[in-house]
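These notes concern the structure reproduced below.
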Amino acid sequence: GQNIDQPTEMTATEGAIVQINCTYQTSGFNGLFWYQQHAGEAPTFLSYNVLDGLEEKGRFSSFLSRSKGYSYLLLKELQMKDSASYLCAVREHGRGNKLSFGAGTTVTVRA
Amino acid sequence: GAVVSQHPSWVICKSGTSVKIECRSLDFQATTMFWYRQFPKQSLMLMATSNEGSKATYEQGVEKDKFLINHASLTLSTLTVTSAHPEDSSFYICSARDQEVENEQFFGPGTRLTVL
């Protein structure tokens with residue numbers, strides 16, 4: 001099975017940086033995904049890591065350490081529109097490559 | 001990125017009726033589609049995996065006779081909630097995996113179901 005943990009809520013100021021951590025326990029790890037979800041909308045893909053290290057995409061970066069079962073999503077130069085829920089999801093070989101989602105971290109950006 | 005559509009975007013129905021939700025991949029072929037349910041302030045819970053031309057695989061605790069899934073073509077999957085009850089009220093989201101690009105799952109906009 002898989003246990004995916006991430007903080008429930010985070011608050012930051014516009015222009016600042018926020019780091020959302022995600023820890024997981026799984027067998028047959030086959031990738032970690034980050035999604036952004038605004039209230040009442042479907043998730044949108046942000047990043048994908050399957051090897052250790054940092055993936056950078058504009059203001060968003062994601063890091064993975066497979067040995068530690070740990071990932072983080074880094075949001076830089078925060079904007080008001082970044083206020084949303086951020087979902088960490090793990091894909092496993094043993095589950096037919098299905099995604100299992102964490103409960104999500106609600107990020108609130110304040111002016 | 002690839003586009004997945006869902007119809008309807010919201011529906012209100014009476015208890016005991018059935019509701020069908022369609023999920024379409026608009027510009028790619030999806031051999032696999034997934035159906036999720038999300039209750040307020042909770043994460044997405046996978047209900048079933050739908051493979052084109054074969055029976056869906058349901059997650060533990062999901063009633064296959066209540067949530068009927070049909071994946072008739074590479075671009076269309078449907079979820080029918082039969083004999084809906086108020087506790088079935090939820091946000092239903094489908095996603096599709098591009099058979100050419102397996103690293104991404106593209107999500108539909110979701111369907112808000114309210115059962116009175």
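Here, A, B, ... name the chains of the structure tokens in the order displayed, residue numbers run from 1 inside each chain, and ligands are numbered from 1 in the same displayed order.
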### Task
With a cut-off of 7 Å and counting only C-alpha atoms, select all residues of chain A in contact with chain B and give the selection as a PyMOL selection string.
chain A and resi 41-44+101-104
Enumerate, in order of chain and increasing residue number, the residues of segment 81-104 of chain A with an atom no farther than 12 Å from segment 71-74 of chain A, each with its shortest atom pair and distance in Å to one decimal, counting only C-alpha atoms, as a Markdown table.
| residue | atom | partner | partner_atom | distance |
| --- | --- | --- | --- | --- |
| A:Asp82 | CA | A:Leu74 | CA | 11.8 |
| A:Tyr86 | CA | A:Leu73 | CA | 8.7 |
| A:Leu87 | CA | A:Leu73 | CA | 9.8 |
| A:Cys88 | CA | A:Ser71 | CA | 8.6 |
| A:Ala89 | CA | A:Ser71 | CA | 10.3 |
| A:Val90 | CA | A:Ser71 | CA | 10.4 |
| A:Gly104 | CA | A:Leu73 | CA | 12.0 |
Residues within 9 Å of Lys20 of chain B, only C-alpha atoms, excluding chain neighbours under 5 positions, as an mmCIF file with N, CA and C atoms, in the first residue's frame:
data_model
loop_
_atom_site.group_PDB
_atom_site.id
_atom_site.type_symbol
_atom_site.label_atom_id
_atom_site.label_comp_id
_atom_site.auth_asym_id
_atom_site.auth_seq_id
_atom_site.Cartn_x
_atom_site.Cartn_y
_atom_site.Cartn_z
ATOM 1 N N HIS B 7 -19.136 15.879 -19.211
ATOM 2 C CA HIS B 7 -20.485 16.411 -19.364
ATOM 3 C C HIS B 7 -21.455 15.559 -18.569
ATOM 4 N N PRO B 8 -22.322 16.154 -17.788
ATOM 5 C CA PRO B 8 -22.472 17.596 -17.575
ATOM 6 C C PRO B 8 -21.457 18.113 -16.557
ATOM 7 N N LEU B 68 -21.735 2.185 -12.698
ATOM 8 C CA LEU B 68 -21.510 1.444 -13.936
ATOM 9 C C LEU B 68 -20.584 2.235 -14.850
ATOM 10 N N THR B 78 -17.952 6.411 -19.826
ATOM 11 C CA THR B 78 -19.108 6.941 -19.102
ATOM 12 C C THR B 78 -19.215 6.286 -17.737
ATOM 13 N N LEU B 79 -19.665 7.089 -16.786
ATOM 14 C CA LEU B 79 -19.944 6.618 -15.428
ATOM 15 C C LEU B 79 -21.420 6.866 -15.162
ATOM 16 N N THR B 80 -22.136 5.806 -14.821
ATOM 17 C CA THR B 80 -23.551 5.945 -14.482
ATOM 18 C C THR B 80 -23.730 5.639 -13.006
ATOM 19 N N VAL B 81 -24.244 6.623 -12.290
ATOM 20 C CA VAL B 81 -24.558 6.429 -10.876
ATOM 21 C C VAL B 81 -26.010 5.965 -10.820
ATOM 22 N N THR B 82 -26.218 4.713 -10.467
ATOM 23 C CA THR B 82 -27.574 4.164 -10.468
ATOM 24 C C THR B 82 -28.226 4.333 -9.099
#
### Message
Using only C-alpha atoms, which protein or nucleic acid residues come within 9 Å of segment 27-33 of chain A? Drop anything in the same chain fewer than 3 positions from it, and give the result as a PyMOL selection string.
### Response
(chain A and resi 1-2+45-51+62+64+66+71+87-95+97+99) or (chain B and resi 103-104)
Since we have the selection now, will you write its residues out, keeping N, CA, C and O atoms, as an mmCIF file, in the first residue's frame?
data_model
loop_
_atom_site.group_PDB
_atom_site.id
_atom_site.type_symbol
_atom_site.label_atom_id
_atom_site.label_comp_id
_atom_site.auth_asym_id
_atom_site.auth_seq_id
_atom_site.Cartn_x
_atom_site.Cartn_y
_atom_site.Cartn_z
ATOM 1 N N GLY A 1 0.819 -1.194 0.000
ATOM 2 C CA GLY A 1 0.000 0.000 0.000
ATOM 3 C C GLY A 1 0.848 1.238 0.000
ATOM 4 O O GLY A 1 2.051 1.183 -0.135
ATOM 5 N N GLN A 2 0.202 2.360 0.180
ATOM 6 C CA GLN A 2 0.942 3.616 0.153
ATOM 7 C C GLN A 2 0.359 4.580 1.184
ATOM 8 O O GLN A 2 -0.844 4.629 1.377
ATOM 9 N N PHE A 45 -1.851 19.486 -13.906
ATOM 10 C CA PHE A 45 -0.515 18.917 -13.739
ATOM 11 C C PHE A 45 0.519 20.013 -13.559
ATOM 12 O O PHE A 45 0.541 21.003 -14.293
ATOM 13 N N LEU A 46 1.394 19.842 -12.569
ATOM 14 C CA LEU A 46 2.477 20.786 -12.343
ATOM 15 C C LEU A 46 3.837 20.177 -12.654
ATOM 16 O O LEU A 46 4.645 20.780 -13.338
ATOM 17 N N SER A 47 4.093 18.983 -12.090
ATOM 18 C CA SER A 47 5.431 18.432 -12.266
ATOM 19 C C SER A 47 5.431 16.922 -12.066
ATOM 20 O O SER A 47 4.493 16.353 -11.498
ATOM 21 N N TYR A 48 6.507 16.324 -12.532
ATOM 22 C CA TYR A 48 6.686 14.877 -12.452
ATOM 23 C C TYR A 48 8.153 14.586 -12.153
ATOM 24 O O TYR A 48 9.046 15.135 -12.797
ATOM 25 N N ASN A 49 8.392 13.751 -11.142
ATOM 26 C CA ASN A 49 9.754 13.298 -10.810
ATOM 27 C C ASN A 49 9.759 11.781 -10.741
ATOM 28 O O ASN A 49 8.873 11.186 -10.113
ATOM 29 N N VAL A 50 10.749 11.179 -11.369
ATOM 30 C CA VAL A 50 10.905 9.733 -11.223
ATOM 31 C C VAL A 50 12.334 9.403 -10.771
ATOM 32 O O VAL A 50 12.568 8.368 -10.156
ATOM 33 N N LEU A 51 13.262 10.315 -11.059
ATOM 34 C CA LEU A 51 14.647 10.161 -10.599
ATOM 35 C C LEU A 51 14.930 11.198 -9.509
ATOM 36 O O LEU A 51 14.273 12.226 -9.430
ATOM 37 N N SER A 62 10.264 21.002 -8.297
ATOM 38 C CA SER A 62 9.933 19.844 -7.475
ATOM 39 C C SER A 62 11.175 19.000 -7.288
ATOM 40 O O SER A 62 11.983 18.832 -8.212
ATOM 41 N N LEU A 64 12.890 15.325 -5.537
ATOM 42 C CA LEU A 64 12.587 13.948 -5.128
ATOM 43 C C LEU A 64 13.818 13.283 -4.544
ATOM 44 O O LEU A 64 14.922 13.391 -5.111
ATOM 45 N N ARG A 66 14.248 9.372 -3.537
ATOM 46 C CA ARG A 66 13.582 8.069 -3.465
ATOM 47 C C ARG A 66 13.997 7.297 -2.219
ATOM 48 O O ARG A 66 13.183 6.612 -1.607
ATOM 49 N N SER A 71 9.506 14.198 -1.128
ATOM 50 C CA SER A 71 9.481 15.153 -2.228
ATOM 51 C C SER A 71 9.052 16.503 -1.680
ATOM 52 O O SER A 71 8.429 16.585 -0.619
ATOM 53 N N LEU A 87 -1.657 18.949 -4.583
ATOM 54 C CA LEU A 87 -1.784 17.518 -4.333
ATOM 55 C C LEU A 87 -0.517 16.781 -4.743
ATOM 56 O O LEU A 87 -0.028 16.952 -5.864
ATOM 57 N N CYS A 88 -0.035 15.965 -3.845
ATOM 58 C CA CYS A 88 1.102 15.085 -4.113
ATOM 59 C C CYS A 88 0.505 13.720 -4.482
ATOM 60 O O CYS A 88 -0.411 13.238 -3.803
ATOM 61 N N ALA A 89 0.997 13.106 -5.535
ATOM 62 C CA ALA A 89 0.455 11.815 -5.963
ATOM 63 C C ALA A 89 1.589 10.884 -6.344
ATOM 64 O O ALA A 89 2.563 11.297 -6.967
ATOM 65 N N VAL A 90 1.443 9.634 -5.969
ATOM 66 C CA VAL A 90 2.484 8.630 -6.225
ATOM 67 C C VAL A 90 1.940 7.554 -7.145
ATOM 68 O O VAL A 90 0.797 7.111 -6.999
ATOM 69 N N ARG A 91 2.760 7.154 -8.084
ATOM 70 C CA ARG A 91 2.375 6.074 -8.994
ATOM 71 C C ARG A 91 3.195 4.835 -8.648
ATOM 72 O O ARG A 91 4.405 4.926 -8.385
ATOM 73 N N GLU A 92 2.513 3.687 -8.632
ATOM 74 C CA GLU A 92 3.188 2.442 -8.266
ATOM 75 C C GLU A 92 3.041 1.413 -9.370
ATOM 76 O O GLU A 92 1.967 1.260 -9.937
ATOM 77 N N HIS A 93 4.090 0.656 -9.591
ATOM 78 C CA HIS A 93 4.023 -0.451 -10.533
ATOM 79 C C HIS A 93 2.948 -1.445 -10.121
ATOM 80 O O HIS A 93 2.153 -1.887 -10.912
ATOM 81 N N GLY A 94 2.956 -1.779 -8.854
ATOM 82 C CA GLY A 94 2.093 -2.847 -8.372
ATOM 83 C C GLY A 94 0.616 -2.538 -8.432
ATOM 84 O O GLY A 94 -0.211 -3.406 -8.259
ATOM 85 N N ARG A 95 0.264 -1.294 -8.648
ATOM 86 C CA ARG A 95 -1.150 -0.921 -8.693
ATOM 87 C C ARG A 95 -1.541 -0.524 -10.113
ATOM 88 O O ARG A 95 -2.374 0.345 -10.317
ATOM 89 N N ASN A 97 0.086 1.096 -12.249
ATOM 90 C CA ASN A 97 0.463 2.468 -12.574
ATOM 91 C C ASN A 97 -0.633 3.478 -12.282
ATOM 92 O O ASN A 97 -0.706 4.532 -12.909
ATOM 93 N N LEU A 99 -2.509 6.291 -9.895
ATOM 94 C CA LEU A 99 -2.043 7.340 -8.997
ATOM 95 C C LEU A 99 -2.787 7.274 -7.671
ATOM 96 O O LEU A 99 -3.998 7.099 -7.656
ATOM 97 N N ASN B 103 3.512 9.467 -18.901
ATOM 98 C CA ASN B 103 3.891 10.141 -17.666
ATOM 99 C C ASN B 103 2.869 11.137 -17.176
ATOM 100 O O ASN B 103 3.035 11.705 -16.113
ATOM 101 N N GLU B 104 1.861 11.396 -17.952
ATOM 102 C CA GLU B 104 0.879 12.377 -17.524
ATOM 103 C C GLU B 104 -0.523 11.808 -17.575
ATOM 104 O O GLU B 104 -0.858 10.992 -18.420
#
### Query
In chain B, what's strand (DSSP E) per DSSP? Answer as a PyMOL selection string?
chain B and resi 4-7+10-13+19-25+30-38+45-51+57-58+67-73+76-81+90-98+105-107+111-115
### Query
At what distance in Å, to one decimal, does atom CA of Gly40 of chain A lie from atom CA of Glu77 of chain A?
24.7 Å
### Query
Which residues, written as a VMD selection string, have at least one atom at most 7 Å from Ser89 of chain B, with only C-alpha atoms counted and residues fewer than 6 positions away on the same chain left out?
chain B and resid 113 to 115
Convert the current residue selection to file output with C-alpha atoms, as a short mmCIF file (atom, residue, chain, number, x, y, z; two decimals), in the first residue's frame.
data_model
loop_
_atom_site.label_atom_id
_atom_site.label_comp_id
_atom_site.auth_asym_id
_atom_site.auth_seq_id
_atom_site.Cartn_x
_atom_site.Cartn_y
_atom_site.Cartn_z
CA LEU B 113 -23.54 15.82 -8.52
CA THR B 114 -26.18 16.82 -6.01
CA VAL B 115 -28.80 14.24 -5.07
#
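Going from atom CA of Phe67 of chain B to atom CA of Asn3 of chain A covers 26.0 Å.
Summary of the local environment: counting only C-alpha atoms, residues at most 7 Å from Arg59 of chain A, other than itself and those fewer than 2 positions away along its chain, are Lys57, Ser61, Leu75, Lys76 and Glu77 of chain A.
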Please produce a file of those selected residues containing all heavy atoms, as a PDB file, in the first residue's frame.
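Final file, part.pdb:
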ATOM      1  N   LYS A  57      10.586  24.340 -13.266  1.00  0.00           N
ATOM      2  CA  LYS A  57       9.670  24.746 -14.333  1.00  0.00           C
ATOM      3  C   LYS A  57       9.174  26.133 -13.986  1.00  0.00           C
ATOM      4  O   LYS A  57       8.155  26.294 -13.321  1.00  0.00           O
ATOM      5  CB  LYS A  57       8.480  23.781 -14.348  1.00  0.00           C
ATOM      6  CG  LYS A  57       8.259  23.013 -15.619  1.00  0.00           C
ATOM      7  CD  LYS A  57       6.968  22.213 -15.507  1.00  0.00           C
ATOM      8  CE  LYS A  57       6.842  21.207 -16.595  1.00  0.00           C
ATOM      9  NZ  LYS A  57       5.557  20.488 -16.547  1.00  0.00           N
ATOM     10  N   SER A  61       9.290  24.397  -8.721  1.00  0.00           N
ATOM     11  CA  SER A  61      10.321  23.359  -8.769  1.00  0.00           C
ATOM     12  C   SER A  61       9.850  22.200  -7.920  1.00  0.00           C
ATOM     13  O   SER A  61       9.155  22.395  -6.923  1.00  0.00           O
ATOM     14  CB  SER A  61      11.649  23.883  -8.192  1.00  0.00           C
ATOM     15  OG  SER A  61      12.085  25.029  -8.856  1.00  0.00           O
ATOM     16  N   LEU A  75       7.373  26.795  -4.489  1.00  0.00           N
ATOM     17  CA  LEU A  75       6.702  27.845  -5.246  1.00  0.00           C
ATOM     18  C   LEU A  75       7.406  29.172  -4.955  1.00  0.00           C
ATOM     19  O   LEU A  75       7.446  29.620  -3.806  1.00  0.00           O
ATOM     20  CB  LEU A  75       5.236  27.965  -4.826  1.00  0.00           C
ATOM     21  CG  LEU A  75       4.235  26.920  -5.275  1.00  0.00           C
ATOM     22  CD1 LEU A  75       4.539  25.555  -4.690  1.00  0.00           C
ATOM     23  CD2 LEU A  75       2.825  27.336  -4.892  1.00  0.00           C
ATOM     24  N   LYS A  76       7.948  29.782  -5.984  1.00  0.00           N
ATOM     25  CA  LYS A  76       8.688  31.042  -5.805  1.00  0.00           C
ATOM     26  C   LYS A  76       7.870  32.216  -6.313  1.00  0.00           C
ATOM     27  O   LYS A  76       6.936  32.049  -7.112  1.00  0.00           O
ATOM     28  CB  LYS A  76      10.024  30.963  -6.560  1.00  0.00           C
ATOM     29  CG  LYS A  76      10.985  29.935  -5.977  1.00  0.00           C
ATOM     30  CD  LYS A  76      12.319  29.931  -6.731  1.00  0.00           C
ATOM     31  CE  LYS A  76      12.246  29.002  -7.923  1.00  0.00           C
ATOM     32  NZ  LYS A  76      13.573  28.754  -8.541  1.00  0.00           N
ATOM     33  N   GLU A  77       8.233  33.410  -5.828  1.00  0.00           N
ATOM     34  CA  GLU A  77       7.578  34.659  -6.270  1.00  0.00           C
ATOM     35  C   GLU A  77       6.056  34.485  -6.250  1.00  0.00           C
ATOM     36  O   GLU A  77       5.375  34.678  -7.255  1.00  0.00           O
ATOM     37  CB  GLU A  77       8.052  35.035  -7.676  1.00  0.00           C
ATOM     38  CG  GLU A  77       9.540  35.264  -7.762  1.00  0.00           C
ATOM     39  CD  GLU A  77      10.026  35.372  -9.218  1.00  0.00           C
ATOM     40  OE1 GLU A  77       9.208  35.665 -10.101  1.00  0.00           O
ATOM     41  OE2 GLU A  77      11.233  35.150  -9.436  1.00  0.00           O
TER      42      GLU A  77
END
